[in-house]
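Notes for the one structure printed next.
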Amino acid sequence: MMPFYLMAFPVLRGSSEISFEDGFLYPRADMVHHAIDIIGTPGMTIVSPVIGRVVTRCRLGGERRSGAGTSPRGGNYIVVVDLLGNFHYFAHMQAPSPLQPGAVVVAGGRIGLLGDSGIARGNPHLHYQVWGPFTHEGAAQEYASGEFVYRFSNPINPYSELVKWAAILGATHNAGGRYTIPATGAAAAGT
Ligand SMILES: [Zn+2]
């Protein structure tokens, strides 16, 4: 497997705390959850954890969709392909991403705002999902064009990478593996 690492935490620290736990493989009504839900306050800034670009078109939930758009489940979403060929899906954003399909993204660059669109209504969080590279015949051409025909496969759990960033950002964690990143300005309180 290709190396997998993140160059930024996907939600910028802000005026309220951010938390996550290892929700990869949590059972859901009609599927297994192959993602990490990062809980925060609506309007917090989502940044790309990788260098790459916005996918032009891809298959999401069985439908051919734009790499940046709105779907019934994901709400306002964006899909970024990184330099190693991994796919990064960000869902439930507050508003459509300001980025267009094909746009170049830098690590730490703003890609949207945390929200509760799609099936997250009333439960604001960033649904962050990663899939490994395509290797089928013709994949190189798809990477070149940014148009991906097949459904993403090979899910990757980004939890351990998020934990590294949580430590850098001064997070606390509980015995259940939930990490909480403090609000900016709160970390030094009481010391
Ligand atoms: Zn989720």
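Each chain in the structure tokens gets a letter, A, B and so on, in the order shown; residues start at 1 in every chain, and ligands are counted from 1 in the order they appear.
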Contact check, range 3-82 of chain A to range 102-123 of chain A, at most 9 Å, counting only C-alpha atoms, closest pairs as a Markdown table:
| residue | atom | partner | partner_atom | distance |
| --- | --- | --- | --- | --- |
| A:Leu6 | CA | A:Ala107 | CA | 8.4 |
| A:Met7 | CA | A:Ala107 | CA | 6.0 |
| A:Ala8 | CA | A:Gly108 | CA | 5.7 |
| A:Phe9 | CA | A:Gly108 | CA | 7.9 |
| A:Pro10 | CA | A:Gly108 | CA | 7.7 |
| A:Val11 | CA | A:Leu114 | CA | 7.9 |
| A:Leu12 | CA | A:Gly108 | CA | 8.6 |
| A:Ile39 | CA | A:Asn123 | CA | 8.4 |
| A:Gly40 | CA | A:Leu114 | CA | 7.2 |
| A:Thr41 | CA | A:Leu114 | CA | 7.0 |
| A:Pro42 | CA | A:Gly115 | CA | 4.6 |
| A:Gly43 | CA | A:Leu113 | CA | 5.0 |
| A:Met44 | CA | A:Leu114 | CA | 5.2 |
| A:Thr45 | CA | A:Leu113 | CA | 4.7 |
| A:Ile46 | CA | A:Gly112 | CA | 5.1 |
| A:Val47 | CA | A:Arg110 | CA | 4.3 |
| A:Ser48 | CA | A:Ala107 | CA | 5.2 |
| A:Pro49 | CA | A:Ala107 | CA | 5.1 |
| A:Val50 | CA | A:Ala107 | CA | 4.5 |
| A:Ile51 | CA | A:Val106 | CA | 4.6 |
| A:Gly52 | CA | A:Val105 | CA | 5.3 |
| A:Arg53 | CA | A:Val104 | CA | 4.2 |
| A:Val54 | CA | A:Gly102 | CA | 4.8 |
| A:Val55 | CA | A:Gly102 | CA | 5.7 |
| A:Thr56 | CA | A:Gly102 | CA | 5.3 |
| A:Gly67 | CA | A:Gly102 | CA | 8.0 |
| A:Thr70 | CA | A:Gly118 | CA | 8.2 |
| A:Ser71 | CA | A:Gly118 | CA | 6.9 |
| A:Pro72 | CA | A:Gly118 | CA | 5.4 |
| A:Arg73 | CA | A:Gly118 | CA | 4.7 |
| A:Gly74 | CA | A:Gly118 | CA | 4.9 |
| A:Gly75 | CA | A:Gly118 | CA | 3.6 |
| A:Asn76 | CA | A:Ser117 | CA | 6.3 |
| A:Tyr77 | CA | A:Gly112 | CA | 8.7 |
| A:Ile78 | CA | A:Ile111 | CA | 7.9 |
| A:Val80 | CA | A:Val105 | CA | 7.9 |
| A:Asp82 | CA | A:Val105 | CA | 8.9 |
Inset, instruction - Do a neighbour search on range 173-181 of chain A at 10 Å with only C-alpha atoms, toss out local chain neighbours closer than 4 positions, and write the hits as a count of residues only. - result: 22
Inset, instruction - Counting only C-alpha atoms and all ligand atoms, figure out which residue out of A:Gly146, A:Pro124, A:Gly85, A:Gly170 gets nearest to ligand 1. - result: A:Pro124
Inset, instruction - For ligand 1, collect every residue having any atom at a distance of at most 7 Å from a ligand atom (counting only C-alpha atoms and all ligand atoms); output as a VMD selection string. - result: chain A and resid 33 35 to 37 127 to 128
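Residue nearest Leu99 in chain A, chosen from A:Tyr143, A:Leu84, A:Ser66, A:Thr172 and counting only C-alpha atoms: A:Ser66.
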Inset, instruction - Using only C-alpha atoms, determine which residues lie at most 6 Å from Trp131 in chain A, disregarding the query and same-chain residues fewer than 5 positions distant; provide the list as a ChimeraX atom specification. - result: /A:86-87,154-156
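Counting only C-alpha atoms, the residue from A:Ala171, A:Arg65, A:Val81, A:Asn157 that sits nearest to Tyr26 in chain A is A:Asn157.
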Inset, instruction - Could you please write out, as a PyMOL selection string, every residue of chain A that DSSP assigns to helix (DSSP H, G or I)? - result: chain A and resi 118-120+139-145+159-168
Inset, instruction - To one decimal in Å, tell me the separation between CA of Phe90 in chain A and CA of Ala144 in chain A. - result: 21.8 Å
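One finds CA of Gly61 in chain A at 26.2 Å from CA of Pro3 in chain A.
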